[in-house]
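Colleague: So that you have it, the file is work-v1.cif, and it contains mmCIF, C-alpha atoms and all ligand atoms:
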data_data
loop_
_atom_site.group_PDB
_atom_site.id
_atom_site.type_symbol
_atom_site.label_atom_id
_atom_site.label_comp_id
_atom_site.auth_asym_id
_atom_site.auth_seq_id
_atom_site.Cartn_x
_atom_site.Cartn_y
_atom_site.Cartn_z
ATOM 1 C CA MET A 1 -9.906 7.134 -15.938
ATOM 2 C CA ALA A 2 -9.571 8.106 -12.280
ATOM 3 C CA THR A 3 -7.266 10.489 -10.425
ATOM 4 C CA LEU A 4 -5.966 10.468 -6.874
ATOM 5 C CA GLU A 5 -4.641 13.855 -5.839
ATOM 6 C CA ILE A 6 -2.933 14.351 -2.494
ATOM 7 C CA LYS A 7 -2.671 18.040 -1.664
ATOM 8 C CA ASP A 8 -0.403 19.485 1.003
ATOM 9 C CA LEU A 9 -1.175 16.735 3.506
ATOM 10 C CA TYR A 10 -0.036 17.100 7.115
ATOM 11 C CA ALA A 11 -0.808 14.340 9.622
ATOM 12 C CA SER A 12 0.156 13.409 13.173
ATOM 13 C CA VAL A 13 0.200 10.420 15.468
ATOM 14 C CA GLU A 14 -0.457 10.358 19.213
ATOM 15 C CA THR A 15 2.642 9.049 20.996
ATOM 16 C CA LYS A 16 3.542 8.566 24.657
ATOM 17 C CA GLU A 17 5.516 11.805 24.473
ATOM 18 C CA GLY A 18 2.563 13.671 22.932
ATOM 19 C CA ARG A 19 1.488 14.455 19.413
ATOM 20 C CA LYS A 20 4.081 13.976 16.723
ATOM 21 C CA GLN A 21 3.658 15.313 13.216
ATOM 22 C CA ILE A 22 4.889 12.752 10.692
ATOM 23 C CA LEU A 23 3.495 13.920 7.339
ATOM 24 C CA LYS A 24 4.729 17.393 6.520
ATOM 25 C CA GLY A 25 3.267 18.567 3.239
ATOM 26 C CA VAL A 26 2.707 15.582 0.960
ATOM 27 C CA ASN A 27 1.801 16.347 -2.642
ATOM 28 C CA LEU A 28 1.202 13.632 -5.237
ATOM 29 C CA THR A 29 -1.038 13.004 -8.235
ATOM 30 C CA VAL A 30 -1.641 9.478 -9.549
ATOM 31 C CA HIS A 31 -3.781 8.578 -12.568
ATOM 32 C CA SER A 32 -5.338 5.253 -13.500
ATOM 33 C CA GLY A 33 -2.849 2.904 -15.090
ATOM 34 C CA GLU A 34 0.192 4.650 -13.587
ATOM 35 C CA THR A 35 2.664 2.971 -11.266
ATOM 36 C CA HIS A 36 4.502 5.188 -8.809
ATOM 37 C CA ALA A 37 7.316 3.718 -6.728
ATOM 38 C CA ILE A 38 7.838 5.369 -3.346
ATOM 39 C CA MET A 39 11.262 4.829 -1.819
ATOM 40 C CA GLY A 40 12.744 6.379 1.285
ATOM 41 C CA PRO A 41 14.580 5.746 4.534
ATOM 42 C CA ASN A 42 13.135 3.850 7.501
ATOM 43 C CA GLY A 43 10.949 6.030 9.672
ATOM 44 C CA SER A 44 10.414 8.735 7.040
ATOM 45 C CA GLY A 45 6.612 8.309 7.117
ATOM 46 C CA LYS A 46 5.769 6.081 4.140
ATOM 47 C CA SER A 47 3.522 3.709 6.086
ATOM 48 C CA THR A 48 2.023 6.699 7.898
ATOM 49 C CA LEU A 49 1.046 8.095 4.499
ATOM 50 C CA ALA A 50 -0.494 4.733 3.534
ATOM 51 C CA TYR A 51 -2.448 4.450 6.794
ATOM 52 C CA THR A 52 -3.565 8.074 6.728
ATOM 53 C CA LEU A 53 -4.981 7.615 3.223
ATOM 54 C CA ALA A 54 -6.714 4.380 4.224
ATOM 55 C CA GLY A 55 -8.193 5.983 7.358
ATOM 56 C CA HIS A 56 -6.408 4.258 10.245
ATOM 57 C CA PRO A 57 -7.826 5.895 13.411
ATOM 58 C CA LYS A 58 -4.359 6.338 14.975
ATOM 59 C CA TYR A 59 -3.393 8.959 12.416
ATOM 60 C CA GLU A 60 -4.922 12.392 12.559
ATOM 61 C CA VAL A 61 -5.059 14.686 9.551
ATOM 62 C CA ASP A 62 -3.872 18.174 10.491
ATOM 63 C CA SER A 63 -4.537 19.736 7.102
ATOM 64 C CA GLY A 64 -4.646 18.965 3.415
ATOM 65 C CA GLN A 65 -6.753 16.844 1.107
ATOM 66 C CA ALA A 66 -6.741 13.525 -0.727
ATOM 67 C CA LEU A 67 -9.110 13.839 -3.661
ATOM 68 C CA LEU A 68 -10.278 10.710 -5.437
ATOM 69 C CA ASP A 69 -11.948 12.043 -8.557
ATOM 70 C CA GLY A 70 -12.562 15.295 -6.721
ATOM 71 C CA VAL A 71 -14.019 13.724 -3.546
ATOM 72 C CA ASP A 72 -11.967 14.287 -0.383
ATOM 73 C CA ILE A 73 -11.631 10.769 1.020
ATOM 74 C CA LEU A 74 -9.954 12.071 4.194
ATOM 75 C CA LYS A 75 -13.424 13.132 5.344
ATOM 76 C CA GLN A 76 -14.768 9.599 4.866
ATOM 77 C CA LYS A 77 -14.786 6.486 7.035
ATOM 78 C CA PRO A 78 -12.310 3.726 6.040
ATOM 79 C CA ASN A 79 -15.060 1.527 4.513
ATOM 80 C CA GLU A 80 -16.327 4.471 2.449
ATOM 81 C CA ARG A 81 -12.810 5.058 1.127
ATOM 82 C CA ALA A 82 -12.613 1.406 0.110
ATOM 83 C CA LYS A 83 -15.950 1.800 -1.635
ATOM 84 C CA GLU A 84 -14.620 4.808 -3.537
ATOM 85 C CA GLY A 85 -11.912 2.481 -4.852
ATOM 86 C CA LEU A 86 -8.923 2.797 -2.523
ATOM 87 C CA PHE A 87 -7.083 -0.332 -1.413
ATOM 88 C CA LEU A 88 -4.209 -0.735 1.030
ATOM 89 C CA ALA A 89 -1.965 -3.796 1.158
ATOM 90 C CA MET A 90 -0.444 -3.370 4.604
ATOM 91 C CA GLN A 91 3.244 -3.701 5.476
ATOM 92 C CA TYR A 92 2.204 -5.914 8.396
ATOM 93 C CA PRO A 93 -1.169 -7.494 7.511
ATOM 94 C CA VAL A 94 -3.330 -8.068 10.605
ATOM 95 C CA GLU A 95 -4.579 -11.463 11.710
ATOM 96 C CA VAL A 96 -8.340 -11.812 12.121
ATOM 97 C CA PRO A 97 -8.964 -15.000 14.123
ATOM 98 C CA GLY A 98 -12.399 -16.552 13.676
ATOM 99 C CA VAL A 99 -13.079 -14.975 10.265
ATOM 100 C CA SER A 100 -12.381 -17.258 7.327
ATOM 101 C CA MET A 101 -10.710 -15.911 4.193
ATOM 102 C CA THR A 102 -13.787 -16.899 2.153
ATOM 103 C CA ASN A 103 -16.190 -15.035 4.413
ATOM 104 C CA PHE A 104 -13.926 -12.041 4.704
ATOM 105 C CA LEU A 105 -13.422 -11.721 0.947
ATOM 106 C CA ARG A 106 -17.096 -12.212 0.149
ATOM 107 C CA THR A 107 -18.166 -9.679 2.784
ATOM 108 C CA ALA A 108 -15.620 -7.147 1.531
ATOM 109 C CA LYS A 109 -16.693 -7.682 -2.096
ATOM 110 C CA THR A 110 -20.371 -7.261 -1.153
ATOM 111 C CA GLU A 111 -19.652 -4.059 0.795
ATOM 112 C CA ILE A 112 -17.557 -2.557 -1.989
ATOM 113 C CA ASP A 113 -19.848 -3.472 -4.905
ATOM 114 C CA GLY A 114 -23.034 -2.672 -2.973
ATOM 115 C CA LYS A 115 -24.401 -6.142 -3.786
ATOM 116 C CA ALA A 116 -23.414 -9.730 -3.131
ATOM 117 C CA PRO A 117 -21.457 -11.392 -5.944
ATOM 118 C CA ALA A 118 -23.275 -14.226 -7.758
ATOM 119 C CA ILE A 119 -22.279 -17.445 -5.970
ATOM 120 C CA ARG A 120 -21.185 -19.420 -9.032
ATOM 121 C CA THR A 121 -18.976 -16.795 -10.626
ATOM 122 C CA TRP A 122 -17.601 -15.739 -7.229
ATOM 123 C CA THR A 123 -16.545 -19.264 -6.265
ATOM 124 C CA ARG A 124 -14.884 -19.678 -9.656
ATOM 125 C CA ASP A 125 -13.170 -16.268 -9.489
ATOM 126 C CA LEU A 126 -11.868 -16.982 -5.991
ATOM 127 C CA SER A 127 -10.460 -20.391 -6.795
ATOM 128 C CA GLU A 128 -8.899 -19.164 -10.069
ATOM 129 C CA ALA A 129 -7.290 -16.188 -8.360
ATOM 130 C CA MET A 130 -5.903 -18.448 -5.621
ATOM 131 C CA LYS A 131 -4.585 -20.894 -8.166
ATOM 132 C CA LYS A 132 -2.784 -18.137 -10.094
ATOM 133 C CA LEU A 133 -1.184 -16.940 -6.853
ATOM 134 C CA ARG A 134 -0.194 -20.566 -6.098
ATOM 135 C CA MET A 135 -2.230 -20.516 -2.893
ATOM 136 C CA ASP A 136 -3.454 -23.880 -1.700
ATOM 137 C CA SER A 137 -7.265 -24.053 -1.625
ATOM 138 C CA LYS A 138 -7.045 -24.835 2.119
ATOM 139 C CA PHE A 139 -6.286 -21.163 2.732
ATOM 140 C CA ALA A 140 -9.890 -20.288 1.834
ATOM 141 C CA SER A 141 -11.181 -21.877 5.037
ATOM 142 C CA ARG A 142 -8.406 -20.607 7.296
ATOM 143 C CA SER A 143 -8.842 -17.499 9.447
ATOM 144 C CA VAL A 144 -7.616 -14.307 7.772
ATOM 145 C CA ASN A 145 -3.811 -14.215 8.030
ATOM 146 C CA GLU A 146 -3.831 -16.283 11.237
ATOM 147 C CA GLY A 147 -0.609 -18.268 11.361
ATOM 148 C CA PHE A 148 0.199 -17.349 7.747
ATOM 149 C CA SER A 149 3.902 -17.019 7.016
ATOM 150 C CA GLY A 150 5.167 -13.568 6.020
ATOM 151 C CA GLY A 151 5.066 -14.452 2.326
ATOM 152 C CA GLU A 152 1.629 -16.078 2.595
ATOM 153 C CA LYS A 153 0.241 -12.881 4.134
ATOM 154 C CA LYS A 154 1.556 -10.877 1.189
ATOM 155 C CA ARG A 155 -0.082 -13.279 -1.270
ATOM 156 C CA ALA A 156 -3.350 -12.946 0.648
ATOM 157 C CA GLU A 157 -3.130 -9.160 0.252
ATOM 158 C CA VAL A 158 -2.689 -9.501 -3.510
ATOM 159 C CA LEU A 159 -5.579 -11.987 -3.619
ATOM 160 C CA GLN A 160 -7.789 -9.286 -2.097
ATOM 161 C CA LEU A 161 -6.464 -6.766 -4.593
ATOM 162 C CA GLU A 162 -7.341 -8.992 -7.544
ATOM 163 C CA LEU A 163 -10.837 -9.811 -6.300
ATOM 164 C CA LEU A 164 -11.880 -6.389 -5.009
ATOM 165 C CA ARG A 165 -10.760 -4.514 -8.151
ATOM 166 C CA PRO A 166 -10.016 -1.097 -6.623
ATOM 167 C CA LYS A 167 -9.166 2.031 -8.632
ATOM 168 C CA PHE A 168 -5.989 2.726 -6.650
ATOM 169 C CA ALA A 169 -3.820 0.405 -4.599
ATOM 170 C CA ILE A 170 -1.180 1.336 -2.067
ATOM 171 C CA LEU A 171 1.244 -1.553 -1.736
ATOM 172 C CA ASP A 172 3.275 -1.081 1.434
ATOM 173 C CA GLU A 173 6.351 -3.265 1.075
ATOM 174 C CA THR A 174 4.354 -6.053 -0.536
ATOM 175 C CA ASP A 175 7.714 -7.369 -1.796
ATOM 176 C CA SER A 176 9.340 -7.624 1.637
ATOM 177 C CA GLY A 177 10.117 -11.115 2.856
ATOM 178 C CA LEU A 178 9.250 -12.843 -0.415
ATOM 179 C CA ASP A 179 11.453 -15.551 -1.858
ATOM 180 C CA VAL A 180 12.417 -15.172 -5.534
ATOM 181 C CA ASP A 181 9.535 -17.309 -6.829
ATOM 182 C CA ALA A 182 6.964 -15.649 -4.574
ATOM 183 C CA LEU A 183 8.199 -12.215 -5.680
ATOM 184 C CA ARG A 184 7.477 -13.127 -9.293
ATOM 185 C CA ILE A 185 4.082 -14.687 -8.492
ATOM 186 C CA VAL A 186 2.954 -11.725 -6.385
ATOM 187 C CA SER A 187 4.198 -9.261 -9.025
ATOM 188 C CA GLU A 188 2.288 -11.136 -11.728
ATOM 189 C CA GLY A 189 -0.849 -10.767 -9.581
ATOM 190 C CA VAL A 190 -0.348 -7.012 -9.300
ATOM 191 C CA ASN A 191 0.288 -6.760 -13.055
ATOM 192 C CA ARG A 192 -2.868 -8.789 -13.782
ATOM 193 C CA ALA A 193 -4.887 -6.391 -11.610
ATOM 194 C CA LYS A 194 -3.361 -3.491 -13.530
ATOM 195 C CA ASP A 195 -4.077 -5.027 -16.943
ATOM 196 C CA ASN A 196 -7.631 -6.043 -16.022
ATOM 197 C CA THR A 197 -8.778 -2.884 -14.300
ATOM 198 C CA GLY A 198 -6.431 -0.021 -15.203
ATOM 199 C CA LEU A 199 -5.371 0.149 -11.559
ATOM 200 C CA GLY A 200 -3.235 3.076 -10.378
ATOM 201 C CA ILE A 201 -0.463 1.891 -8.061
ATOM 202 C CA LEU A 202 1.515 3.500 -5.240
ATOM 203 C CA MET A 203 4.218 1.008 -4.497
ATOM 204 C CA ILE A 204 6.268 1.564 -1.350
ATOM 205 C CA THR A 205 9.468 -0.435 -1.524
ATOM 206 C CA HIS A 206 13.069 -0.558 -0.357
ATOM 207 C CA TYR A 207 14.307 -2.736 -3.182
ATOM 208 C CA THR A 208 14.770 -2.315 -6.905
ATOM 209 C CA ARG A 209 14.300 -6.076 -7.413
ATOM 210 C CA ILE A 210 10.475 -5.748 -7.533
ATOM 211 C CA LEU A 211 10.783 -2.924 -10.068
ATOM 212 C CA LYS A 212 12.065 -5.464 -12.581
ATOM 213 C CA TYR A 213 8.645 -7.133 -12.477
ATOM 214 C CA ILE A 214 6.383 -4.168 -11.807
ATOM 215 C CA LYS A 215 7.706 -1.359 -13.958
ATOM 216 C CA PRO A 216 7.277 2.056 -12.367
ATOM 217 C CA ASP A 217 6.438 5.067 -14.539
ATOM 218 C CA ILE A 218 7.631 7.421 -11.829
ATOM 219 C CA VAL A 219 9.948 7.007 -8.834
ATOM 220 C CA HIS A 220 9.709 9.269 -5.786
ATOM 221 C CA VAL A 221 11.987 9.759 -2.817
ATOM 222 C CA PHE A 222 10.124 10.256 0.464
ATOM 223 C CA SER A 223 12.098 11.766 3.323
ATOM 224 C CA ASN A 224 11.138 13.422 6.588
ATOM 225 C CA GLY A 225 7.405 13.408 5.868
ATOM 226 C CA ARG A 226 7.285 14.581 2.283
ATOM 227 C CA PHE A 227 8.327 13.853 -1.278
ATOM 228 C CA VAL A 228 11.717 15.411 -1.905
ATOM 229 C CA LYS A 229 12.585 14.150 -5.382
ATOM 230 C CA THR A 230 10.764 12.691 -8.368
ATOM 231 C CA GLY A 231 12.262 11.034 -11.401
ATOM 232 C CA GLY A 232 12.041 8.158 -13.845
ATOM 233 C CA PRO A 233 12.944 4.507 -13.218
ATOM 234 C CA GLU A 234 16.647 5.416 -13.306
ATOM 235 C CA LEU A 235 16.212 7.215 -9.973
ATOM 236 C CA ALA A 236 15.663 3.823 -8.272
ATOM 237 C CA ASP A 237 19.038 2.589 -9.519
ATOM 238 C CA GLU A 238 20.706 5.773 -8.343
ATOM 239 C CA LEU A 239 19.181 5.304 -4.870
ATOM 240 C CA GLU A 240 20.404 1.731 -4.706
ATOM 241 C CA ASP A 241 23.921 2.930 -5.562
ATOM 242 C CA LYS A 242 24.137 6.033 -3.437
ATOM 243 C CA GLY A 243 21.587 5.638 -0.619
ATOM 244 C CA TYR A 244 19.452 8.413 0.806
ATOM 245 C CA ASP A 245 22.018 10.628 2.517
ATOM 246 C CA GLN A 246 21.669 13.474 0.041
ATOM 247 C CA TYR A 247 17.889 13.566 0.617
ATOM 248 C CA LEU A 248 17.954 13.550 4.423
ATOM 249 C CA PRO A 249 17.525 16.695 6.522
ATOM 250 C CA GLU A 250 20.749 18.572 7.116
ATOM 251 C CA GLY A 251 22.916 17.178 9.881
ATOM 252 C CA SER A 252 21.586 13.605 9.684
ATOM 253 C CA ASN A 253 22.521 10.572 7.669
ATOM 254 C CA SER A 254 20.870 7.217 7.139
ATOM 255 C CA GLU A 255 22.733 5.741 10.139
ATOM 256 C CA SER A 256 21.762 8.549 12.506
ATOM 257 C CA ALA A 257 18.224 9.081 11.197
ATOM 258 C CA LEU A 258 16.809 6.418 13.499
ATOM 259 C CA ALA A 259 18.951 7.281 16.514
HETATM 260 N N1 LIG B 301 2.278 5.238 17.624
HETATM 261 C C1 LIG B 301 3.471 5.797 17.414
HETATM 262 N N2 LIG B 301 4.210 6.208 18.445
HETATM 263 C C2 LIG B 301 5.418 6.781 18.253
HETATM 264 N N3 LIG B 301 5.957 6.992 17.044
HETATM 265 C C3 LIG B 301 5.259 6.601 15.974
HETATM 266 C C4 LIG B 301 3.985 5.977 16.087
HETATM 267 N N4 LIG B 301 3.538 5.693 14.847
HETATM 268 C C5 LIG B 301 4.498 6.112 13.993
HETATM 269 N N5 LIG B 301 5.526 6.660 14.676
HETATM 270 C C6 LIG B 301 6.800 7.174 14.123
HETATM 271 O O1 LIG B 301 6.545 7.787 12.883
HETATM 272 C C7 LIG B 301 7.679 7.694 12.039
HETATM 273 C C8 LIG B 301 7.248 7.207 10.667
HETATM 274 O O2 LIG B 301 6.897 5.825 10.724
HETATM 275 P P1 LIG B 301 6.469 5.009 9.420
HETATM 276 O O3 LIG B 301 6.070 3.656 9.879
HETATM 277 O O4 LIG B 301 5.467 5.798 8.666
HETATM 278 O O5 LIG B 301 7.852 4.974 8.623
HETATM 279 P P2 LIG B 301 8.201 4.235 7.257
HETATM 280 O O6 LIG B 301 8.722 5.285 6.319
HETATM 281 O O7 LIG B 301 7.071 3.402 6.794
HETATM 282 O O8 LIG B 301 9.444 3.311 7.688
HETATM 283 P P3 LIG B 301 9.868 1.812 7.206
HETATM 284 O O9 LIG B 301 10.642 1.998 5.923
HETATM 285 O O10 LIG B 301 10.770 1.355 8.311
HETATM 286 O O11 LIG B 301 8.640 0.969 7.065
HETATM 287 C C9 LIG B 301 8.641 6.764 12.763
HETATM 288 O O12 LIG B 301 9.658 7.530 13.360
HETATM 289 C C10 LIG B 301 7.773 6.086 13.799
HETATM 290 O O13 LIG B 301 8.521 5.695 14.935
HETATM 291 MG MG MG B 302 6.740 1.390 6.577
#
In structure tokens, what does this structure look like?
Ligand SMILES: Nc1ncnc2c1ncn2[C@@H]1O[C@H](COP(=O)(O)OP(=O)(O)OP(=O)(O)O)[C@@H](O)[C@H]1O
Ligand SMILES: [Mg+2]

Modeller:
Amino acid sequence: MATLEIKDLYASVETKEGRKQILKGVNLTVHSGETHAIMGPNGSGKSTLAYTLAGHPKYEVDSGQALLDGVDILKQKPNERAKEGLFLAMQYPVEVPGVSMTNFLRTAKTEIDGKAPAIRTWTRDLSEAMKKLRMDSKFASRSVNEGFSGGEKKRAEVLQLELLRPKFAILDETDSGLDVDALRIVSEGVNRAKDNTGLGILMITHYTRILKYIKPDIVHVFSNGRFVKTGGPELADELEDKGYDQYLPEGSNSESALA
């Protein structure tokens, strides 16, 4: 049983116009085995939260903590955070030309476990995981994400998730751009990871369609850099019906928020 506790987190990004604070007091507690859906308007800071937790160098923590079983991961390097058990499936997975999927996955697994996986079981685990995600075995020798379609990149993220077995996974729009079959296949992968390892999930999404496959215990609304409302699964349906206007800062609406 593990706990991820985000406490009063403020973070900024360096922009051409100077420093801009995006996260403005984020509080959230997630336990092993829980699935939290995070919904909110474009530009509200959801990906910034994901990147800040994962340790992207562009985002600077102004104050606050993110405690993984009591250890503040915000003070750690990104690879140390991964070792502690944090995983991020990015909204826009990066291409890594020249590094094959096989090498990348094996290197990541070795770094996270502190020892290389046994060749025979690893090769079997990799090919089984790929098969379950309906990924052609040719992907193993291709460079990480290079030339992958949008949906193939998302499958590759879930492949990592299944093989690396983190304690907590942040899934940043892992459902975006998936066709109906891929949505089901990717969701099954996430659910397998949850069943096998007791994974805690923070699932950032704009659509309730994925919530039919990956059932959230808790739904949060994120607006203007913080959580503004928390509820049960019914909150997602309400958001789909009514939009975010009532949760936006006074004087703005979802059409003007990006203006
Ligand atoms: N390098 C940057 N320069 C300028 N603004 C930035 C930079 N990085 C992030 N921002 C701004 O921070 C805000 C939050 O962005 P973020 O990507 O976290 O939003 P989001 O909630 O994930 O939105 P979406 O639902 O569209 O993915 C946006 O207004 C974005 O333009
Ligand atoms: Mg985003």

Colleague: List the spatial neighbours of segment 125-139 of chain A as a list in words - criterion: any atom at most 9 Å away, all atoms listed in the file, same-chain residues fewer than 2 positions off excluded.

Modeller: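 Skipping anything fewer than 2 positions along the chain leaves Ser100, Met101, Thr102, Leu105, Arg120, Thr121, Trp122, Thr123, Ser141, Arg142, Ser143, Val144, Glu152, Arg155, Ala156, Val158, Leu159, Glu162, Leu163, Ala182, Ile185, Val186, Glu188 and Gly189 of chain A.
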
Colleague: Write out the residues from the selection above, keeping C-alpha atoms, as a PDB file, in the frame of the given file.

Modeller:
ATOM      1  CA  SER A 100     -12.381 -17.258   7.327  1.00  0.00           C
ATOM      2  CA  MET A 101     -10.710 -15.911   4.193  1.00  0.00           C
ATOM      3  CA  THR A 102     -13.787 -16.899   2.153  1.00  0.00           C
ATOM      4  CA  LEU A 105     -13.422 -11.721   0.947  1.00  0.00           C
ATOM      5  CA  ARG A 120     -21.185 -19.420  -9.032  1.00  0.00           C
ATOM      6  CA  THR A 121     -18.976 -16.795 -10.626  1.00  0.00           C
ATOM      7  CA  TRP A 122     -17.601 -15.739  -7.229  1.00  0.00           C
ATOM      8  CA  THR A 123     -16.545 -19.264  -6.265  1.00  0.00           C
ATOM      9  CA  SER A 141     -11.181 -21.877   5.037  1.00  0.00           C
ATOM     10  CA  ARG A 142      -8.406 -20.607   7.296  1.00  0.00           C
ATOM     11  CA  SER A 143      -8.842 -17.499   9.447  1.00  0.00           C
ATOM     12  CA  VAL A 144      -7.616 -14.307   7.772  1.00  0.00           C
ATOM     13  CA  GLU A 152       1.629 -16.078   2.595  1.00  0.00           C
ATOM     14  CA  ARG A 155      -0.082 -13.279  -1.270  1.00  0.00           C
ATOM     15  CA  ALA A 156      -3.350 -12.946   0.648  1.00  0.00           C
ATOM     16  CA  VAL A 158      -2.689  -9.501  -3.510  1.00  0.00           C
ATOM     17  CA  LEU A 159      -5.579 -11.987  -3.619  1.00  0.00           C
ATOM     18  CA  GLU A 162      -7.341  -8.992  -7.544  1.00  0.00           C
ATOM     19  CA  LEU A 163     -10.837  -9.811  -6.300  1.00  0.00           C
ATOM     20  CA  ALA A 182       6.964 -15.649  -4.574  1.00  0.00           C
ATOM     21  CA  ILE A 185       4.082 -14.687  -8.492  1.00  0.00           C
ATOM     22  CA  VAL A 186       2.954 -11.725  -6.385  1.00  0.00           C
ATOM     23  CA  GLU A 188       2.288 -11.136 -11.728  1.00  0.00           C
ATOM     24  CA  GLY A 189      -0.849 -10.767  -9.581  1.00  0.00           C
TER      25      GLY A 189
END

Colleague: Using all atoms listed in the file, which residues of segment 55-129 of chain A come within 10 Å of segment 28-34 of chain A, and what is the closest atom pair for each, with the distance in Å to one decimal? Give it as a tab-separated table, sorted by chain and residue number.

Modeller:
residue	atom	partner	partner_atom	distance
A:Ala66	CA	A:Leu28	CA	9.1
A:Leu67	CA	A:Thr29	CA	9.3
A:Leu68	CA	A:Val30	CA	9.6
A:Asp69	CA	A:His31	CA	9.7

Colleague: Could you write out as a PyMOL selection string the residues that the PyMOL selection byres (((chain A and resi 224) around 7) and not hetatm) matches in the shown file?

Modeller: chain A and resi 44-45+222-223+225-226

Colleague: For a quick check of understanding, using only C-alpha atoms and all ligand atoms, which of A:Ala54, A:Leu171, A:Ala118, A:Ala82 has the smallest distance to ligand MG 302 (chain B)?

Modeller: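 Smallest separation from ligand MG 302 (chain B) among the options: A:Leu171.
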
Colleague: Using only the atoms of ligand LIG 301 (chain B) listed in the file, plus 5 Å on each side, state the axis-aligned box centre and edge lengths in Å rounded to one decimal, as AutoDock Vina command-line options.

Modeller:
--center_x 6.5 --center_y 4.4 --center_z 12.2 --size_x 18.5 --size_y 16.8 --size_z 22.5

Colleague: Given the file above and the PyMOL selection byres (((not hetatm)) within 12 of (chain B and resi 302)), which residues are selected, and can you give them as a PyMOL selection string?

Modeller: chain A and resi 38-51+89-93+170-174+176+203-206+222

Colleague: Hey, which of A:Glu84, A:Glu60, A:Glu111, A:Asp72 ends up closest to ligand LIG 301 (chain B)? Count all atoms listed in the file.

Modeller: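 When distances to ligand LIG 301 (chain B) are compared using all atoms listed in the file, the smallest one comes from A:Glu60.
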
Colleague: Which residues, named as in the file, does the PyMOL selection byres (((chain A and resi 24) around 8) and not hetatm) pick out? Answer as an NGL selection string.

Modeller: :A and (8-11 or 21-23 or 25-26 or 224-226)

Colleague: Please write the residues from the selection above to a file, keeping C-alpha atoms, as a PDB file, in the frame of the given file.

Modeller:
ATOM      1  CA  ASP A   8      -0.403  19.485   1.003  1.00  0.00           C
ATOM      2  CA  LEU A   9      -1.175  16.735   3.506  1.00  0.00           C
ATOM      3  CA  TYR A  10      -0.036  17.100   7.115  1.00  0.00           C
ATOM      4  CA  ALA A  11      -0.808  14.340   9.622  1.00  0.00           C
ATOM      5  CA  GLN A  21       3.658  15.313  13.216  1.00  0.00           C
ATOM      6  CA  ILE A  22       4.889  12.752  10.692  1.00  0.00           C
ATOM      7  CA  LEU A  23       3.495  13.920   7.339  1.00  0.00           C
ATOM      8  CA  GLY A  25       3.267  18.567   3.239  1.00  0.00           C
ATOM      9  CA  VAL A  26       2.707  15.582   0.960  1.00  0.00           C
ATOM     10  CA  ASN A 224      11.138  13.422   6.588  1.00  0.00           C
ATOM     11  CA  GLY A 225       7.405  13.408   5.868  1.00  0.00           C
ATOM     12  CA  ARG A 226       7.285  14.581   2.283  1.00  0.00           C
TER      13      ARG A 226
END

Colleague: Can you pull out every residue within 10 Å of Arg165 of chain A, counting only C-alpha atoms, but drop anything in the same chain fewer than 4 positions away, and send it as a ChimeraX atom specification?

Modeller: /A:85-87,109,112-113,160-161,169,193-194,196-199

Colleague: Just checking: using all atoms listed in the file, which residue out of A:Ala140, A:Glu238, A:Ala2, A:Phe227 ends up closest to ligand LIG 301 (chain B)?

Modeller: A:Phe227

Colleague: Counting all atoms listed in the file, which of A:Val221, A:Arg124, A:Asp175, A:Leu164 gets nearest to Thr107 of chain A?

Modeller: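 The closest residue to Thr107 of chain A is A:Leu164.
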
Colleague: Would you fill the gaps in segment 119-129 of chain A so it has N, CA and C atoms, then print it as a PDB file, keeping the file's coordinate frame?

Modeller:
ATOM      1  N   ILE A 119     -23.039 -16.346  -6.599  1.00  0.00           N
ATOM      2  CA  ILE A 119     -22.279 -17.445  -5.970  1.00  0.00           C
ATOM      3  C   ILE A 119     -21.393 -18.194  -6.966  1.00  0.00           C
ATOM      4  N   ARG A 120     -21.949 -18.561  -8.117  1.00  0.00           N
ATOM      5  CA  ARG A 120     -21.185 -19.420  -9.032  1.00  0.00           C
ATOM      6  C   ARG A 120     -19.951 -18.726  -9.583  1.00  0.00           C
ATOM      7  N   THR A 121     -20.139 -17.499 -10.062  1.00  0.00           N
ATOM      8  CA  THR A 121     -18.976 -16.795 -10.626  1.00  0.00           C
ATOM      9  C   THR A 121     -17.977 -16.457  -9.518  1.00  0.00           C
ATOM     10  N   TRP A 122     -18.486 -16.112  -8.333  1.00  0.00           N
ATOM     11  CA  TRP A 122     -17.601 -15.739  -7.229  1.00  0.00           C
ATOM     12  C   TRP A 122     -16.711 -16.910  -6.823  1.00  0.00           C
ATOM     13  N   THR A 123     -17.320 -18.087  -6.668  1.00  0.00           N
ATOM     14  CA  THR A 123     -16.545 -19.264  -6.265  1.00  0.00           C
ATOM     15  C   THR A 123     -15.475 -19.568  -7.310  1.00  0.00           C
ATOM     16  N   ARG A 124     -15.853 -19.430  -8.585  1.00  0.00           N
ATOM     17  CA  ARG A 124     -14.884 -19.678  -9.656  1.00  0.00           C
ATOM     18  C   ARG A 124     -13.766 -18.622  -9.634  1.00  0.00           C
ATOM     19  N   ASP A 125     -14.170 -17.350  -9.510  1.00  0.00           N
ATOM     20  CA  ASP A 125     -13.170 -16.268  -9.489  1.00  0.00           C
ATOM     21  C   ASP A 125     -12.185 -16.457  -8.338  1.00  0.00           C
ATOM     22  N   LEU A 126     -12.723 -16.809  -7.171  1.00  0.00           N
ATOM     23  CA  LEU A 126     -11.868 -16.982  -5.991  1.00  0.00           C
ATOM     24  C   LEU A 126     -10.874 -18.120  -6.205  1.00  0.00           C
ATOM     25  N   SER A 127     -11.382 -19.254  -6.675  1.00  0.00           N
ATOM     26  CA  SER A 127     -10.460 -20.391  -6.795  1.00  0.00           C
ATOM     27  C   SER A 127      -9.454 -20.161  -7.922  1.00  0.00           C
ATOM     28  N   GLU A 128      -9.866 -19.477  -8.990  1.00  0.00           N
ATOM     29  CA  GLU A 128      -8.899 -19.164 -10.069  1.00  0.00           C
ATOM     30  C   GLU A 128      -7.824 -18.203  -9.588  1.00  0.00           C
ATOM     31  N   ALA A 129      -8.260 -17.179  -8.852  1.00  0.00           N
ATOM     32  CA  ALA A 129      -7.290 -16.188  -8.360  1.00  0.00           C
ATOM     33  C   ALA A 129      -6.306 -16.852  -7.410  1.00  0.00           C
TER      34      ALA A 129
END
